[in-house]
Amino acid sequence: MKRLLGVALGVLTAIGGFVDIGDLVTNAVVGSRFGMSLVWVVVVGVVGICLFANMSGRVAAASGRATFEVIRERLGPRAGLANLSASFLINLMTVTAEIGGVALALQLASSVHYLLWIPVAALAVWLVIWRVKFSIMENVTGLLGLTLIVFAVALFLLKPDWGSLAGQALAPAVPAEETAPTYWYYAIALFGAAMTPYEVFFFSSGAVEEGWKVKDLVQSRINVLVGFPLGGLLSVAIAGCAAVVLLPAGIAVTSLSQVILPVAEGAGKLGLAFVLVGVMAATFGAALETTLSSGYTLAQFFGWSWGKFRSPAQAARFHLAMIICLLVGLAVLATGVDPVLVTEYSVVFSAIALPLTYLPILIVANDPQYMGEHVNGRPVNVMAMIYLVIILVASLAAIPLMIVTGAGS
Amino acid sequence: MKTDRPLAPVPPTAGRTLDAQLHLMDRQVLDHDGVPVTTVDDLELNGPELDTNIPPGAPAPVLTALLTGPVLGTRIFGGRPPSTRLIRIPWEDVADVGIVIRLGVSGENLDAGWVERWIRDKIIARIPGGRHDPR
């Protein structure tokens, strides 16, 4: 019974934790401009993140090594440092975007300008990282994030023409008013949002934090294989809401208030209350995960002591690094840069950096010295190789497409 | 190192053979309590100086220490730090080499931990709750 509860909790947390500011914004933008015609990318992205999150969890459980230790060891210091610089900068951008997202959600709830909320949000993130136990932090934000299901409820209440939505999703085509490069640019952005590298850093470090052993692998596999696809459904619901309300009205999403507008229309004030809680929990949870991931990547590369299972004094450089990251994010937001814009760039840069993260994991997951009998099976390797090709193509195409389309405008 | 003749073949040794690149470099180092100390940034060998002739029958170089600190920078960007700037973990302190390197001593007294200790004592431990055990 207790085990069952643990599995249920893990799955619910994975659903609530799947969506972050990148998914919220990108899915809404895509829904409002391309309807459901990019849903297939969410499917591809979710399968990919399941595959690699599962693999990195298995590496962490079987060897006790988190992802970035493995990256340094396998790539050596030079390529490892290049990888660290790219991953860390993108992660820092995501931290900034998530804190901005928390502040924007607080602005929508309180009508107090978001710039005033930013220091509050950053301080709250730091306090939780400083003081709250890892499992409580995970579960509370994950469960509260579940309120985002209101996007799916709102979609039903909006009574859309299901046939035409399904038609758009199943027979994807570039809408008449958009160009093919823009379509592919947003496909890459959506892919980057679903497969953000920080999720893998966080997932594997979290496995070490919670002291997973090989016997916990079954549970982790259920969490990932059930939780992430359901989280992906939430993403699709966000795009669906935008496609039903914003696309016909000719509104292209540029702010968080437009992301949640369809919920207000479909599910009224109550729905609005739920979605505000959901957005806040999802962005706050992701702000915690990305801030921790910045600490994890640095500490694991340099071999510092890390982890929330230690007191801050026992992981001093790890905690100092996270404080500095939060201060940098705060400074960037204080310039008045639009957090939604930061988000849109961060997901594309994530897509560019994907091969850097996923290739070393694949290599180590095949190394019997680390994995013993838990090395990848052949079907997993075949899938992973296919994904590596997709990831590489997306990564190489991202910058040219960004230039050609003027970042999707 | 230059030699006039090919080197003698490696004598057979008892026990495990470690590949420095594969099993030692860039591995995580833990102290006897399992607390991370550093990553192996480089290795120190005793033996003949660079660019000297090795007389036949000279003893093989011996691994004397794991190195960390500024040597990581020079390993990535080139150059060589003065040997006074090297932070050494003597090989005698190593207890086990697996997918991590375990030391038989506490990290608390090692030179390799001074930055961590400085940041702990001067900054982190002074913030309220800094010594709070989360478990």
# chains A, B, ... in the order shown; residues from 1 in each chain; ligands from 1
$ interface_residues --of "chain B" --to "chain A" --cutoff "8 Å" --atoms "only C-alpha atoms" --output "count of residues only"
27
$ residues_around --residues "Ile238 (chain A)" --least-positions-apart "4" --cutoff "12 Å" --atoms "only C-alpha atoms" --output "PyMOL selection string"
chain A and resi 19-32+35-36+39+42+148-156+231-234+242-246+253+258-263+275+279
$ select_by_dssp --residues "region 5-85 of chain B" --states "strand (DSSP E)" --output "PyMOL selection string"
chain B and resi 28-30+36-39+42-46+62-68
$ residues_around --residues "Leu86 (chain B)" --least-positions-apart "4" --cutoff "12 Å" --atoms "only C-alpha atoms" --output "VMD selection string"
chain B and resid 41 to 44 65 to 74 80 to 82 90 111 to 112
$ closest_residue --among "A:Leu89, A:Ile361, A:Ala384, A:Ala61" --to "Cys325 (chain A)" --atoms "only C-alpha atoms"
A:Leu89
$ residues_around --residues "Gly372 (chain A)" --least-positions-apart "4" --cutoff "12 Å" --atoms "only C-alpha atoms" --output "list in words"
Arg58, Val59, Ala61, Ala62, Ser63, Val214, Val364, Ala365, Asn366, Asp367, Pro368 and Asn376 of chain A; Ile99 of chain B
$ write_last_selection --atoms "C-alpha atoms" --output "mmCIF file, in the first residue's frame"
data_model
loop_
_atom_site.group_PDB
_atom_site.id
_atom_site.type_symbol
_atom_site.label_atom_id
_atom_site.label_comp_id
_atom_site.auth_asym_id
_atom_site.auth_seq_id
_atom_site.Cartn_x
_atom_site.Cartn_y
_atom_site.Cartn_z
ATOM 1 C CA ARG A 58 19.401 4.313 -14.340
ATOM 2 C CA VAL A 59 23.013 5.533 -14.533
ATOM 3 C CA ALA A 61 20.933 4.454 -9.499
ATOM 4 C CA ALA A 62 23.363 1.819 -10.773
ATOM 5 C CA SER A 63 26.596 3.796 -10.338
ATOM 6 C CA VAL A 214 18.750 -0.403 -8.356
ATOM 7 C CA VAL A 364 28.020 5.743 -20.105
ATOM 8 C CA ALA A 365 24.710 3.881 -20.090
ATOM 9 C CA ASN A 366 26.507 1.336 -22.288
ATOM 10 C CA ASP A 367 29.603 1.056 -20.062
ATOM 11 C CA PRO A 368 29.512 -2.143 -18.006
ATOM 12 C CA ASN A 376 21.247 -0.395 -22.178
ATOM 13 C CA ILE B 99 34.222 4.349 -10.423
#
$ select_by_dssp --residues "region 76-207 of chain A" --states "helix (DSSP H, G or I)" --output "PyMOL selection string"
chain A and resi 76-110+114-131+134-157+162-170+180-194+197-207
$ closest_residue --among "A:Ile251, A:Tyr296, A:Ser205, A:Met195" --to "Cys50 (chain A)" --atoms "only C-alpha atoms"
A:Met195
